[in-house]
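Structure below is structure04.cif: mmCIF, C-alpha atoms.
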data_structure
#
loop_
_atom_site.label_atom_id
_atom_site.label_comp_id
_atom_site.auth_asym_id
_atom_site.auth_seq_id
_atom_site.Cartn_x
_atom_site.Cartn_y
_atom_site.Cartn_z
CA MET A 1 42.25 109.36 4.68
CA GLN A 2 41.39 109.81 1.03
CA PRO A 3 41.91 106.74 -1.22
CA GLU A 4 44.71 106.92 -3.75
CA PRO A 5 43.32 108.05 -7.12
CA SER A 6 44.99 105.16 -8.94
CA VAL A 7 43.51 102.55 -6.55
CA LEU A 8 40.02 104.06 -6.76
CA ALA A 9 40.24 104.19 -10.55
CA LEU A 10 41.29 100.53 -10.62
CA LEU A 11 38.35 99.51 -8.42
CA ARG A 12 35.95 101.49 -10.58
CA ARG A 13 37.29 99.80 -13.73
CA GLY A 14 36.70 96.47 -12.03
CA ILE A 15 33.09 97.45 -11.22
CA ASP A 16 32.57 98.58 -14.81
CA GLY A 17 33.91 95.26 -16.03
CA VAL A 18 31.50 93.33 -13.81
CA ASP A 19 28.61 95.50 -15.07
CA ASP A 20 29.62 94.75 -18.67
CA ALA A 21 29.81 91.04 -17.88
CA LEU A 22 26.32 91.13 -16.34
CA LEU A 23 24.90 92.68 -19.52
CA LEU A 24 26.71 90.15 -21.70
CA LEU A 25 25.30 87.31 -19.59
CA LEU A 26 21.80 88.80 -19.84
CA ALA A 27 22.13 88.99 -23.62
CA GLY A 28 23.23 85.36 -23.69
CA ARG A 29 20.30 84.36 -21.49
CA ARG A 30 17.83 86.09 -23.81
CA ARG A 31 19.21 84.18 -26.80
CA LEU A 32 18.89 80.89 -24.93
CA VAL A 33 15.32 81.78 -23.90
CA GLY A 34 14.49 82.57 -27.52
CA ALA A 35 15.88 79.24 -28.69
CA ALA A 36 14.00 77.36 -25.95
CA ALA A 37 10.78 79.20 -26.84
CA GLY A 38 11.14 78.12 -30.48
CA LEU A 39 11.67 74.49 -29.48
CA LYS A 40 8.63 74.56 -27.17
CA GLN A 41 6.47 76.07 -29.89
CA ARG A 42 7.50 73.44 -32.45
CA ALA A 43 6.91 70.66 -29.92
CA GLY A 44 3.49 72.02 -28.99
CA LEU A 45 4.54 72.62 -25.37
CA PRO A 46 3.06 75.45 -23.27
CA PRO A 47 5.22 78.59 -23.24
CA ARG A 48 5.21 78.80 -19.41
CA ASP A 49 6.41 76.22 -16.90
CA PRO A 50 5.56 77.58 -13.42
CA GLU A 51 7.38 74.74 -11.66
CA ARG A 52 10.52 75.48 -13.67
CA GLU A 53 10.26 79.15 -12.64
CA LEU A 54 10.04 78.12 -8.99
CA ARG A 55 13.10 75.90 -9.38
CA VAL A 56 15.05 78.78 -10.95
CA LEU A 57 14.22 81.03 -8.01
CA ALA A 58 14.87 78.36 -5.38
CA ARG A 59 18.24 77.45 -6.88
CA GLY A 60 19.20 81.11 -7.21
CA LEU A 61 18.21 81.91 -3.63
CA GLY A 62 20.19 78.93 -2.37
CA LEU A 63 23.28 80.09 -4.26
CA ALA A 64 22.75 83.65 -2.99
CA ARG A 65 22.76 82.39 0.60
CA ARG A 66 26.00 80.49 0.02
CA LEU A 67 27.59 83.57 -1.55
CA GLY A 68 26.39 85.88 1.21
CA LEU A 69 24.17 87.94 -1.11
CA PRO A 70 21.03 89.63 0.27
CA PRO A 71 18.04 87.42 -0.60
CA GLU A 72 15.99 90.42 -1.73
CA LEU A 73 18.72 91.26 -4.30
CA ALA A 74 18.66 87.72 -5.71
CA ARG A 75 14.85 87.62 -5.77
CA GLY A 76 14.66 90.99 -7.50
CA GLN A 77 17.16 90.10 -10.23
CA LEU A 78 15.72 86.66 -10.90
CA SER A 79 12.17 88.01 -11.01
CA LEU A 80 13.22 90.53 -13.64
CA VAL A 81 14.80 87.95 -15.95
CA ILE A 82 11.78 85.64 -15.59
CA ALA A 83 9.44 88.51 -16.43
CA ASP A 84 11.66 89.37 -19.40
CA ALA A 85 11.37 85.77 -20.60
CA TRP A 86 7.58 86.12 -20.42
CA ARG A 87 7.75 89.24 -22.59
CA GLN A 88 9.99 87.47 -25.11
CA GLN A 89 7.28 84.83 -25.51
CA GLY A 90 4.43 87.34 -25.75
CA LEU A 91 3.19 86.56 -22.23
CA ASP A 92 3.50 89.99 -20.68
CA GLY A 93 -0.24 90.17 -20.11
CA ALA A 94 -0.66 86.59 -18.90
CA GLN A 95 -2.41 86.11 -15.56
CA ASP A 96 -1.94 82.38 -14.92
CA GLU A 97 -3.06 81.31 -11.47
CA ASP A 98 0.39 79.93 -10.70
CA GLU A 99 2.02 83.29 -11.31
CA ASP A 100 1.65 84.32 -7.66
CA ALA A 101 3.63 81.26 -6.61
CA ILE A 102 6.86 82.91 -7.75
CA ASP A 103 9.00 83.02 -4.64
CA GLY A 104 7.70 86.13 -2.98
CA VAL A 105 8.33 88.55 -5.83
CA ALA A 106 5.38 90.77 -6.77
CA MET A 107 6.61 91.17 -10.32
CA ARG A 108 3.58 92.69 -11.98
CA PRO A 109 3.30 95.69 -9.63
CA ALA A 110 7.07 96.20 -9.78
CA LEU A 111 7.02 96.28 -13.57
CA ALA A 112 3.90 98.39 -13.72
CA GLY A 113 5.39 101.33 -11.82
CA PRO A 114 3.13 103.90 -10.13
CA SER A 115 -0.04 102.62 -11.81
CA GLY A 116 0.62 99.16 -10.30
CA ALA A 117 0.93 100.72 -6.86
CA ALA A 118 -2.30 102.63 -7.36
CA SER A 119 -4.17 99.49 -8.40
CA SER A 120 -3.19 97.78 -5.12
CA GLU A 121 -4.75 100.49 -2.94
CA PRO A 122 -8.29 98.99 -2.97
CA ARG A 123 -6.79 95.67 -1.90
CA ARG A 124 -4.97 97.35 1.00
CA ARG A 125 -8.21 98.98 2.12
CA LEU A 126 -9.91 95.59 2.18
CA LEU A 127 -7.01 93.98 4.02
CA ARG A 128 -7.31 96.53 6.81
CA TRP A 129 -10.60 94.92 7.74
CA LEU A 130 -9.04 91.46 8.08
CA PRO A 131 -8.64 90.73 11.81
CA PRO A 132 -5.01 90.29 12.96
CA PRO A 133 -3.95 86.81 14.18
CA LYS A 134 -4.52 87.61 17.86
CA ARG A 135 -8.24 88.08 17.12
CA TRP A 136 -8.38 84.47 15.89
CA ALA A 137 -6.81 83.07 19.05
CA PRO A 138 -10.11 82.67 21.02
CA VAL A 139 -11.65 80.79 18.08
CA LEU A 140 -8.67 78.47 17.65
CA ALA A 141 -8.58 77.81 21.39
CA ARG A 142 -11.95 76.04 21.02
CA LEU A 143 -10.53 73.49 18.58
CA PRO A 144 -9.61 70.17 20.23
CA GLN A 145 -5.85 69.74 20.64
CA ALA A 146 -6.05 66.39 18.84
CA TRP A 147 -7.45 68.11 15.74
CA GLN A 148 -4.65 70.69 15.80
CA GLN A 149 -2.02 67.97 16.16
CA ARG A 150 -3.38 65.89 13.28
CA ALA A 151 -3.48 68.94 11.02
CA LEU A 152 0.11 69.82 11.96
CA GLU A 153 1.34 66.27 11.34
CA ALA A 154 -0.33 66.18 7.92
CA ALA A 155 1.17 69.55 6.92
CA VAL A 156 4.67 68.62 8.10
CA ALA A 157 4.52 65.24 6.35
CA ARG A 158 3.60 66.97 3.09
CA LEU A 159 6.21 69.71 3.33
CA LEU A 160 9.06 67.49 4.50
CA SER A 161 8.30 64.28 2.60
CA ALA A 162 11.59 64.36 0.67
CA PRO A 163 13.99 64.93 3.63
CA LEU A 164 12.02 62.41 5.70
CA ALA A 165 12.43 59.80 2.97
CA ARG A 166 16.18 60.54 2.73
CA GLY A 167 16.65 60.26 6.49
CA ASP A 168 17.77 63.87 6.85
CA LEU A 169 15.67 64.24 10.02
CA GLU A 170 17.30 61.41 11.98
CA PHE A 171 18.73 64.00 14.38
CA MET A 172 15.14 64.48 15.59
CA ARG A 173 14.74 60.85 16.65
CA GLY A 174 14.07 60.84 20.36
CA ARG A 175 14.32 64.65 20.43
CA ARG A 176 11.47 67.12 20.86
CA LEU A 177 11.28 70.44 19.00
CA GLY A 178 8.59 72.96 19.92
CA ILE A 179 6.85 75.54 17.74
CA SER A 180 5.18 78.43 19.53
CA VAL A 181 2.84 80.93 17.85
CA PRO A 182 1.90 83.33 20.67
CA ASP A 183 -0.36 85.64 18.68
CA LEU A 184 -2.56 82.66 17.77
CA GLY A 185 -2.23 81.12 21.22
CA LEU A 186 -0.92 77.90 19.67
CA SER A 187 2.06 75.69 20.47
CA TRP A 188 3.08 72.20 19.47
CA VAL A 189 5.92 69.76 20.11
CA LEU A 190 7.24 67.50 17.34
CA GLU A 191 9.43 64.41 17.52
CA LEU A 192 10.48 61.77 15.00
CA GLN A 193 8.65 58.50 15.59
CA GLY A 194 9.22 55.77 13.05
CA ASP A 195 9.35 57.47 9.67
CA ARG A 196 7.11 60.43 10.55
CA LEU A 197 7.21 63.56 12.67
CA ARG A 198 4.51 63.21 15.31
CA ALA A 199 2.99 65.65 17.77
CA SER A 200 3.99 64.97 21.36
CA ASP A 201 2.52 65.93 24.72
CA GLU A 202 5.97 65.90 26.31
CA PRO A 203 7.86 69.19 26.96
CA ALA A 204 10.07 70.52 24.18
CA GLU A 205 13.85 70.46 24.42
CA ALA A 206 14.12 73.47 22.09
CA THR A 207 11.42 75.88 20.94
CA VAL A 208 11.13 78.22 17.97
CA ARG A 209 8.84 81.12 18.83
CA GLY A 210 7.43 83.67 16.39
CA SER A 211 4.30 85.35 15.09
CA ALA A 212 2.01 83.49 12.70
CA THR A 213 2.96 85.85 9.87
CA ASP A 214 6.72 85.55 10.39
CA LEU A 215 6.57 81.75 10.63
CA LEU A 216 4.57 81.69 7.39
CA LEU A 217 7.13 83.97 5.73
CA LEU A 218 9.89 81.62 6.87
CA ALA A 219 8.10 78.49 5.67
CA SER A 220 7.36 80.06 2.27
CA ARG A 221 10.95 81.35 1.81
CA LEU A 222 9.78 84.95 1.59
CA GLU A 223 12.09 85.67 4.54
CA ASP A 224 15.23 83.86 5.57
CA ALA A 225 15.86 82.58 9.09
CA ASP A 226 18.99 84.70 9.66
CA THR A 227 17.08 87.92 8.99
CA LEU A 228 14.17 86.95 11.24
CA PHE A 229 16.44 85.91 14.13
CA PHE A 230 18.66 88.97 13.72
CA GLN A 231 15.60 91.23 13.88
CA ARG A 232 14.33 89.27 16.91
CA ARG A 233 11.14 88.36 15.09
CA LEU A 234 11.98 84.72 15.78
CA GLU A 235 13.37 83.42 19.07
CA LEU A 236 15.07 80.13 19.86
CA THR A 237 15.03 78.87 23.44
CA GLY A 238 16.16 75.69 25.14
CA ASP A 239 18.67 73.34 23.47
CA THR A 240 20.32 75.75 21.03
CA GLU A 241 22.18 72.99 19.16
CA LEU A 242 18.96 71.10 18.39
CA GLY A 243 17.18 74.27 17.29
CA LEU A 244 20.02 75.42 15.05
CA THR A 245 20.36 71.97 13.47
CA ALA A 246 16.66 72.03 12.58
CA ARG A 247 16.89 75.59 11.29
CA ASN A 248 19.95 74.83 9.14
CA LEU A 249 18.23 71.80 7.66
CA LEU A 250 15.22 73.89 6.64
CA ASP A 251 17.53 76.55 5.21
CA ARG A 252 19.19 73.91 3.00
CA LEU A 253 15.93 72.23 2.02
CA PRO A 254 15.60 72.46 -1.80
CA TRP A 255 12.41 74.44 -2.35
CA GLU A 256 11.64 72.43 -5.47
CA THR A 257 11.27 69.24 -3.37
CA VAL A 258 8.19 70.73 -1.69
CA PRO A 259 5.04 69.76 -3.66
CA LEU A 260 3.97 72.52 -6.04
CA GLY A 261 0.51 72.82 -4.52
CA ALA A 262 2.00 73.31 -1.06
CA ARG A 263 4.43 75.93 -2.40
CA ILE A 264 1.62 77.88 -4.01
CA ALA A 265 -0.55 77.69 -0.88
CA LEU A 266 2.31 78.72 1.40
CA ASN A 267 3.39 81.57 -0.84
CA ARG A 268 -0.09 83.01 -1.25
CA GLY A 269 -0.95 82.58 2.42
CA ALA A 270 2.28 84.21 3.56
CA ARG A 271 1.92 87.14 1.18
CA LEU A 272 -1.68 87.68 2.26
CA ALA A 273 -0.69 87.59 5.94
CA ARG A 274 2.22 89.99 5.36
CA ASP A 275 0.11 92.43 3.33
CA ALA A 276 -2.69 92.30 5.91
CA ARG A 277 -0.22 93.00 8.72
CA ASP A 278 1.22 95.97 6.82
CA ALA A 279 -2.25 97.31 6.05
CA TYR A 280 -3.33 96.91 9.67
CA ARG A 281 -0.22 98.75 10.90
CA GLU A 282 -1.06 101.68 8.65
CA THR A 283 -4.29 102.18 10.59
CA ALA A 284 -2.84 101.52 14.05
#
How does the structure come out when it is put into structure tokens?
Amino acid sequence: MQPEPSVLALLRRGIDGVDDALLLLLAGRRRLVGAAAGLKQRAGLPPRDPERELRVLARGLGLARRLGLPPELARGQLSLVIADAWRQQGLDGAQDEDEDAIDGVAMRPALAGPSGAASSEPRRRLLRWLPPPKRWAPVLARLPQAWQQRALEAAVARLLSAPLARGDLEFMRGRRLGISVPDLGLSWVLELQGDRLRASDEPAEATVRGSATDLLLLASRLEDADTLFFQRRLELTGDTELGLTARNLLDRLPWETVPLGARIALNRGARLARDARDAYRETA
């Protein structure tokens, strides 16, 4: 059945109005950025604040999840306005080392167009020679389990220091959550003991299973849990309620509470793993 012309015209006017509002908001944002840039210059402050940029993206992605917007749409729009703010301040050519920590958005290649894509080809060729995770499994199997557990405990303590301090992980007290990374041949079990998550030798009550790359993408917020589970790239077995509670907590975890150094390391590691996987698939 064809829509009534009057109804379709009304919907289209509504869409046009939203488009106009978006442009008005962008113009307002640019004026605010210009005013902020002037204040920073007079105060002798650096023009860029990488941590602020990460907070903008984290807050925007959190709001997008609550509104049901695709995360890639939110990331794309926010990356564009941040890049525009750089240009306003004469930073279009800046290559600060923290730039890659922006939440999964490869802004420079996107803005560069075809030439940006061409410049990434040598990198893809190099990445094809990087062994996939399953090739590292025999090497990692030689590491003592105690070493693996201590490294995991240290990483989790650093990433989850804020929710641990707030008591958000009390649901894990006396419960055991497993993490399985089959392509690396690794698996661990975590439980809350005292004020820290500790590795346990007891069997897990619930287990999250996924590839090393997908778990890195989840931890770095380059992919959201719903997408990974829907695509069956992550699996949850055992006590579903425990697993979903843990997953929902991580989904709500404010990205800005994770130490900046850890965010940068996670983001760069996840992007490297993802790009290497894509490059390796091209040759398979």
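Distance check against Arg209 (chain A) using only C-alpha atoms: of A:Ala43, A:Val189, A:Leu234, A:Leu228, the minimum falls on A:Leu234.
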Counting only C-alpha atoms, which residue out of A:Ile15, A:Leu197, A:Ala270, A:Leu127 sits closest to Ala165 (chain A)?
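Ranking A:Ile15, A:Leu197, A:Ala270, A:Leu127 by distance to Ala165 (chain A), first place goes to A:Leu197.
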Explicit residues for the PyMOL selection byres ((chain A and resi 64) around 12) (as a ChimeraX atom specification)
/A:57-63,65-78,224,252
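Note that CA of Thr257 (chain A) and CA of Ser161 (chain A) are 8.3 Å apart.
Across A:Asp183, A:Leu222, A:Leu217, A:Arg175, the tightest approach to Glu205 (chain A) is made by A:Arg175 when counting all atoms listed in the file.
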So that I can check the surroundings of Leu216 (chain A), please list as a list in words every protein, DNA and RNA residue that reaches within 8 Å of it, counting all atoms listed in the file and ignoring chain neighbours fewer than 2 positions away.
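Once the adjacent positions are removed, what remains is Ala212, Thr213, Asp214, Leu218, Ala219, Ser220, Leu266, Gly269 and Ala270 of chain A.
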For CA of Gly34 (chain A) and CA of Asp49 (chain A), quote the distance in Å rounded to one decimal.
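One can read the CA of Gly34 (chain A) to CA of Asp49 (chain A) distance as 14.8 Å.
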Could you write out as a list in words the residues that the PyMOL selection byres ((chain A and resi 198-202) around 6) matches in the shown file?
Gln149, Glu153, Val189, Leu190, Glu191, Leu197 and Pro203 of chain A
Of the candidates A:Arg173, A:Asp16, A:Ala204, A:Arg196, which one gets nearest to Ala154 (chain A) if we count only C-alpha atoms?
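Checking each candidate against Ala154 (chain A), we get A:Arg196 as the closest.
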Closest of A:Leu160, A:Ala83, A:Ala9, A:Ala225 to Val33 (chain A) - atom-to-atom distances counting all atoms listed in the file:
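Answer, going by the shortest atom-to-atom distance: A:Ala83.
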